[in-house]
Amino acid sequence: SMGTFCFQKHKIQKGLVIKSVRQFHLCSCELALALVERAWKRELKLIRALSCNIAVINFPPQLRSKSAAMASLSGRMLLVVLVTYQVLINSVLVQARSTGAPTAACSSMTPQHGFAASANTGFTVIPSVTSYTVGQTYTVTVSGPTNFKGFLCQARQGSTQIAVFQSPYPAGSQRISSGGCVDALTHTNANLKSSIVMNWRVASASTGSFQFVCSVVLSYQNFHVMIRSATVSVAAAPTTAAPTTPPVTTPGQTTTPPTTTPPTTTPAAPTTVPVVPNLAVSSTGCGTTKSCYRQPAACTGSADCNYFYSQRPVGNNLVEIELVAKSDGWVAVGFSDDQSMGMDDTLGCGVNSDGMTVDLKNGHNPGYANRLDNMNDPSELLGNRQASYVNGQLSCRFNRPLTNSSNLDRSFAAPNEYHLFFATNTMSSARGAANAFFPMHNSRPVITPQKYSITDVTKNFQSTSTSITATGCGTTKSCYRSPPTCTGESDCDYFYSQKSVGTLMVEIELAGKTDGWIAVGYSPDTVMGGNDDVLGCGIGTDGTSVYVKNSHNPSKALGNQLDDVNDPDAFLVNQQTSYSNGRVGCRFQRLQHTTSMNDRDFTRAYLYYLFFARNTLASAQGAANTPFLKHNMLPAISPSPYAVVDTTVADLSKAVELVTTAGCGVTKSCYRRPSTCTGQNDCTFLYTQRAIGLTRVEIGLAGKTNGWIAVGFSNDRTMGDDDVLGCIVGANGDTVYAKNAYNQGRTNVLDNATMPTISLTDIQSSFSNGQVACTMRRRLNTRSTFDKDLSSTKKYYLFFGTNTRTSGRGAQFGSLIGMHDSLPLISTSQYSVTEQSVANLGASAETALVKAHGFFMIIAWICFAGIGVFMPRFMKKAWPVPEGGIARWFKIHQPLMITVWLCTVIGFILILVHKNGTWSTASAHPAIGLTVFLLCSIQPFMAAIRKKLKPFQRKVFNWCHRTVGLVAHALGGIAVYLGLDLFRKSSGLSNAVLYLWAAWITIEALVWIILEAKLLIFPPRNPQEKLNEDANVRKAFALVYAMTCVVFGFIMAVMLVAHTQDTD
């Protein structure tokens, strides 16, 4: 036993033999940890699961990381105890065997699996008759909507078991009549079974009435108990007519001889129908004198139809049926109250096992299998029988009374209406004797979506589509439509809908314009592969048939694969299909949770991205047992994951809001920008937190970004040694990856480069139109050295960071959460991450040094730099140099430029300290700012060497000094604008500061343009005018310009410094 089990990560895999002491240590240790992790009340469940080799045990990462270190004697001893206990549980308590039910279960008929029985999902127990004749052998059928593994059946009068079962017993079954069992049939293996047909016979009329009672097992945890059949009673004895007596006469009366009615006898029907050389069945009269179904729709009858059916009333109490099919087996029609197989009336004809004669058969479907109404007279009640079988074309014509006394035949008289099932098995292996029922069809029957009267002669059934429409989208079903305004099968290029049916089933509708196939995929991410579940329908190679298929995509390289080649539409029931004029439609149902490992769980707890795919080419047609070929156009993918049972989404092409402000301050705490936003579609940044039980927290993140969005948990308001959770858009922009990381100083590092989501569960994400959203859950205390303890007693400052650029994207593995492109916002106070009562977590950027940096740069490059450059350019001529003195313009220029240089140096040092010497490429502001700093630093040194230059060298100096100053001035203004804009985005600074900057640059540009134009276009007429008029003009402009620079610059600096913490 120990050699059969070996833990690898999260799963127990069967067949991995323990080959070393080290492996034995690890396995025994993992078993010990499993019991430590699970409460005692769950131990029994664990051990039983081990015995079935199906256990999947999730260990916290901290326990997994210690497993190697805990390989001890106690762990090994515990393994031995567990295995021993497992054997005891199997032999004493569980008694759950794949070889049949134990005799101890015969009384309660309940498997001793340790789980409660589930509600019946549609399984039936149907006897072939409800009134029996003593000594006659009959059958009883157990079937249901899905395959099952085990069964236990008895005949009971109340709670008393009686013996009725007869051999031969069905394959894979056995009779048990010991212990607590009087007479029961059960399975001998765990192979999947679609139905079980058992023979029974009552030996004595004294047995009276009874019921068949069965239990079925679908899986170890899923079984239905005590499913009862209708009551079966002994048939009434035939009555004998009383002897006739002579009539009593009185005088004067006329004596009428007694009338006698000869006994009515039904002549025995021939076992086979004589074959007509070539029975001609024609479509003439379809829609006028008879109702028809034709496949293909334009075929004319027995000469060219793959399938043909017609009905017409004959006389007062008969209906004539015609059936044609390209078949070497059989062709039939079913009449049903619903669109599900079971409790149906069937009529048809089949090629006999000799390959020449043809049998007509009147039967019924008690469940998923066909049975004859009368094995001694298979064609009972069918008259005017004609048939032919020529070159693979099977045809037959017969009539049947509209009403009769058989309780197995439907009444065809008005106003009764039925769904019609058009079925066939084209294989020669489906042939049989006259008294053999029809075996399973080899393609899904076509089912009319509506009920029809069998006496109606006006219908062409093939023109009836699957009637898939957009009616109910957003109310009774969720839909995807392309184009969005289309109405359904008739005009949509692609249509998909989903809705829950009861508590266990989901109904899928697919329709569109295609000559190949149409399908939908269900994926946990937006990348094809990874075992995506795929459901769809494809047109057969004959260009007429439509096959529904259940498949999956194991990987992009392998493409599509059928779940079961031998059963391509496994678990897909209640199918309806249509194909006409290049438009295909199909409707089917599936259990929300199946037993197939390739089927996704469709219960409400699971969300999937939907892939809407098709191949419109006729070359993509295929047989029933072939997978879907590659699509010829890229599938559309839902921008958000959805629950398949959700019926409230009118348009699945729109992103669902994973993160909203609903419940902020009540069930969760939130931070949002702007403060009036409501969710991921209109919030620039949204963060939510809420406690999940006592051990977990759910984090929600959403915002406008093309890169990443994250939250950090820190002991202070300084970056470094922080726990970080975030979501990053994939490099191709089609996927969002969750990341668990931490800040090592100013650098972000993943907790685990190969498992970036370690410690995170229940991850959901979406990315659409530049809006990212994700939710995740994490243990409050993971015991990881990289993760903060988020227990309710711990409080942290919250860092809200983002990088909105596409350059901030990354891969699933290895990629870090890179540098933010704006200052992170930091909560104004420390909070517990389990706190749920804070509607708005106030936050601001850590801006003290940033504000000081901005203040000095505004003073330097808005207030003073412009005035300093203005003086030598325009005021040299206005203020002549006095003899032996220093020019007035220079007295202003020099101190201003020294002040500019000092402010620039101080501002540069402040931001260098704030950034810890790190460099950011998220914005052009750092690069331009550094250029300004270097140009500004050159100017004082250039000025210092001016006096030592010769006259011709001064010309070169003047041009260099002037150029460097003008470039630095221009770049300085741009750097100030970019810096203010960054600060506005990160801290909520008013847009007014940018309007002031725009006003300042406008006035500066006008002043410079006017003065330059006056010098170039309107030169002074004489030297005196130059000295007087021009000087006055320049002084006026200098005053206006200086006031503009000082006032606007001072206001901008004050707004920056006075800006308070963001309270959004």
# chains A, B, ... in the order shown; residues from 1 in each chain; ligands from 1
call {"tool": "residues_around", "arguments": {"residues": "A:Met505", "least_positions_apart": "4", "cutoff": "7 Å", "atoms": "only C-alpha atoms", "output": "ChimeraX atom specification"}}
result
/A:500-501,589-592
call {"tool": "residues_around", "arguments": {"residues": "A:Ser131", "least_positions_apart": "6", "cutoff": "7 Å", "atoms": "only C-alpha atoms", "output": "list in words"}}
result
Val232, Ser233, Val234 and Ala235 of chain A
call {"tool": "closest_residue", "arguments": {"among": "A:Ala423, A:Ala624, A:Cys299, A:Leu780", "to": "A:Thr346", "atoms": "only C-alpha atoms"}}
result
A:Ala423
call {"tool": "atom_distance", "arguments": {"atom1": "atom CA of A:Cys214", "atom2": "atom CA of A:Ile227"}}
result
5.1 Å
call {"tool": "residues_around", "arguments": {"residues": "stretch 731-736 of chain A", "least_positions_apart": "3", "cutoff": "12 Å", "atoms": "only C-alpha atoms", "output": "PyMOL selection string"}}
result
chain A and resi 523-528+609+636-641+701-702+705-709+726-728+739+757+763-775+805-813+815
call {"tool": "write_last_selection", "arguments": {"atoms": "N, CA and C atoms", "output": "short mmCIF file (atom, residue, chain, number, x, y, z; two decimals), in the first residue's frame"}}
result
data_model
loop_
_atom_site.label_atom_id
_atom_site.label_comp_id
_atom_site.auth_asym_id
_atom_site.auth_seq_id
_atom_site.Cartn_x
_atom_site.Cartn_y
_atom_site.Cartn_z
N SER A 523 -12.22 28.89 -20.44
CA SER A 523 -10.83 28.90 -20.02
C SER A 523 -10.65 29.75 -18.77
N PRO A 524 -9.74 29.35 -17.86
CA PRO A 524 -9.48 30.18 -16.68
C PRO A 524 -8.65 31.42 -17.01
N ASP A 525 -8.12 31.50 -18.24
CA ASP A 525 -7.36 32.67 -18.65
C ASP A 525 -7.70 32.99 -20.10
N THR A 526 -7.02 33.96 -20.66
CA THR A 526 -7.33 34.39 -22.03
C THR A 526 -6.35 33.81 -23.04
N VAL A 527 -5.68 32.72 -22.67
CA VAL A 527 -4.72 32.05 -23.54
C VAL A 527 -5.26 30.68 -23.92
N MET A 528 -5.26 30.37 -25.21
CA MET A 528 -5.75 29.08 -25.68
C MET A 528 -4.82 27.97 -25.20
N TYR A 609 -13.22 32.64 -18.81
CA TYR A 609 -13.25 33.45 -20.02
C TYR A 609 -13.88 32.63 -21.13
N ALA A 636 -13.23 35.57 -30.75
CA ALA A 636 -13.49 36.68 -29.83
C ALA A 636 -13.41 36.12 -28.41
N ILE A 637 -12.87 36.89 -27.48
CA ILE A 637 -12.69 36.43 -26.10
C ILE A 637 -13.39 37.42 -25.17
N SER A 638 -14.18 36.91 -24.27
CA SER A 638 -14.85 37.80 -23.32
C SER A 638 -13.81 38.55 -22.51
N PRO A 639 -14.01 39.85 -22.27
CA PRO A 639 -13.00 40.62 -21.53
C PRO A 639 -12.95 40.29 -20.05
N SER A 640 -13.94 39.56 -19.56
CA SER A 640 -14.00 39.19 -18.15
C SER A 640 -14.43 37.74 -18.03
N PRO A 641 -14.08 37.09 -16.92
CA PRO A 641 -14.57 35.73 -16.69
C PRO A 641 -16.00 35.75 -16.17
N LEU A 701 -8.14 45.21 -6.79
CA LEU A 701 -7.37 46.30 -7.39
C LEU A 701 -7.93 46.58 -8.77
N ALA A 702 -8.11 47.86 -9.10
CA ALA A 702 -8.61 48.23 -10.42
C ALA A 702 -8.15 49.64 -10.74
N THR A 705 -4.81 51.68 -16.48
CA THR A 705 -3.39 51.41 -16.68
C THR A 705 -3.22 50.41 -17.80
N ASN A 706 -2.13 50.53 -18.51
CA ASN A 706 -1.75 49.54 -19.52
C ASN A 706 -0.56 48.72 -19.05
N GLY A 707 -0.13 48.96 -17.81
CA GLY A 707 1.02 48.26 -17.28
C GLY A 707 0.68 47.41 -16.08
N TRP A 708 0.79 48.00 -14.88
CA TRP A 708 0.49 47.24 -13.67
C TRP A 708 -0.16 48.13 -12.62
N ILE A 709 -0.75 47.48 -11.63
CA ILE A 709 -1.37 48.17 -10.50
C ILE A 709 -1.10 47.32 -9.26
N GLY A 726 0.00 42.63 -6.48
CA GLY A 726 -0.37 43.41 -7.66
C GLY A 726 -0.76 42.55 -8.83
N CYS A 727 -1.16 43.24 -9.90
CA CYS A 727 -1.55 42.59 -11.15
C CYS A 727 -0.86 43.31 -12.29
N ILE A 728 -0.33 42.54 -13.23
CA ILE A 728 0.43 43.10 -14.34
C ILE A 728 -0.13 42.57 -15.65
N LYS A 739 0.67 38.86 -8.94
CA LYS A 739 2.04 38.71 -8.44
C LYS A 739 2.06 38.92 -6.93
N THR A 757 2.43 33.54 -8.03
CA THR A 757 1.18 33.70 -7.29
C THR A 757 1.20 32.92 -5.99
N ILE A 763 -7.93 33.80 -7.75
CA ILE A 763 -7.53 34.95 -8.56
C ILE A 763 -8.49 35.13 -9.73
N GLN A 764 -8.98 36.34 -9.90
CA GLN A 764 -9.79 36.71 -11.05
C GLN A 764 -9.23 38.02 -11.61
N SER A 765 -9.27 38.17 -12.93
CA SER A 765 -8.69 39.37 -13.51
C SER A 765 -9.33 39.68 -14.85
N SER A 766 -9.20 40.92 -15.27
CA SER A 766 -9.70 41.34 -16.58
C SER A 766 -8.89 42.54 -17.04
N PHE A 767 -8.84 42.73 -18.36
CA PHE A 767 -8.17 43.88 -18.96
C PHE A 767 -8.91 44.25 -20.23
N SER A 768 -9.43 45.47 -20.28
CA SER A 768 -10.20 45.90 -21.44
C SER A 768 -10.15 47.42 -21.52
N ASN A 769 -9.83 47.91 -22.72
CA ASN A 769 -9.82 49.35 -22.98
C ASN A 769 -9.01 50.13 -21.95
N GLY A 770 -7.85 49.61 -21.63
CA GLY A 770 -6.96 50.32 -20.70
C GLY A 770 -7.40 50.27 -19.26
N GLN A 771 -8.34 49.39 -18.91
CA GLN A 771 -8.82 49.25 -17.54
C GLN A 771 -8.44 47.86 -17.02
N VAL A 772 -7.65 47.81 -15.96
CA VAL A 772 -7.24 46.55 -15.34
C VAL A 772 -8.03 46.34 -14.06
N ALA A 773 -8.42 45.11 -13.82
CA ALA A 773 -9.07 44.78 -12.55
C ALA A 773 -8.65 43.37 -12.14
N CYS A 774 -8.47 43.16 -10.85
CA CYS A 774 -8.15 41.83 -10.37
C CYS A 774 -8.55 41.71 -8.90
N THR A 775 -8.91 40.51 -8.52
CA THR A 775 -9.17 40.20 -7.12
C THR A 775 -8.38 38.95 -6.75
N ARG A 805 1.99 52.76 -18.34
CA ARG A 805 2.55 52.62 -19.68
C ARG A 805 2.63 51.15 -20.10
N THR A 806 2.59 50.93 -21.41
CA THR A 806 2.72 49.56 -21.91
C THR A 806 4.11 48.99 -21.61
N SER A 807 5.08 49.87 -21.40
CA SER A 807 6.42 49.39 -21.04
C SER A 807 6.44 48.75 -19.66
N GLY A 808 5.37 48.94 -18.89
CA GLY A 808 5.29 48.33 -17.56
C GLY A 808 4.74 46.92 -17.57
N ARG A 809 4.45 46.36 -18.74
CA ARG A 809 3.91 45.00 -18.84
C ARG A 809 5.01 43.97 -18.59
N GLY A 810 4.58 42.72 -18.39
CA GLY A 810 5.56 41.67 -18.12
C GLY A 810 5.00 40.30 -18.39
N ALA A 811 5.83 39.28 -18.20
CA ALA A 811 5.45 37.88 -18.43
C ALA A 811 4.88 37.27 -17.17
N GLN A 812 4.34 36.06 -17.30
CA GLN A 812 3.74 35.39 -16.15
C GLN A 812 4.80 35.01 -15.13
N PHE A 813 5.94 34.51 -15.62
CA PHE A 813 6.98 34.06 -14.71
C PHE A 813 8.20 34.98 -14.81
N SER A 815 8.92 38.03 -14.40
CA SER A 815 8.81 39.47 -14.53
C SER A 815 8.44 40.11 -13.19
#
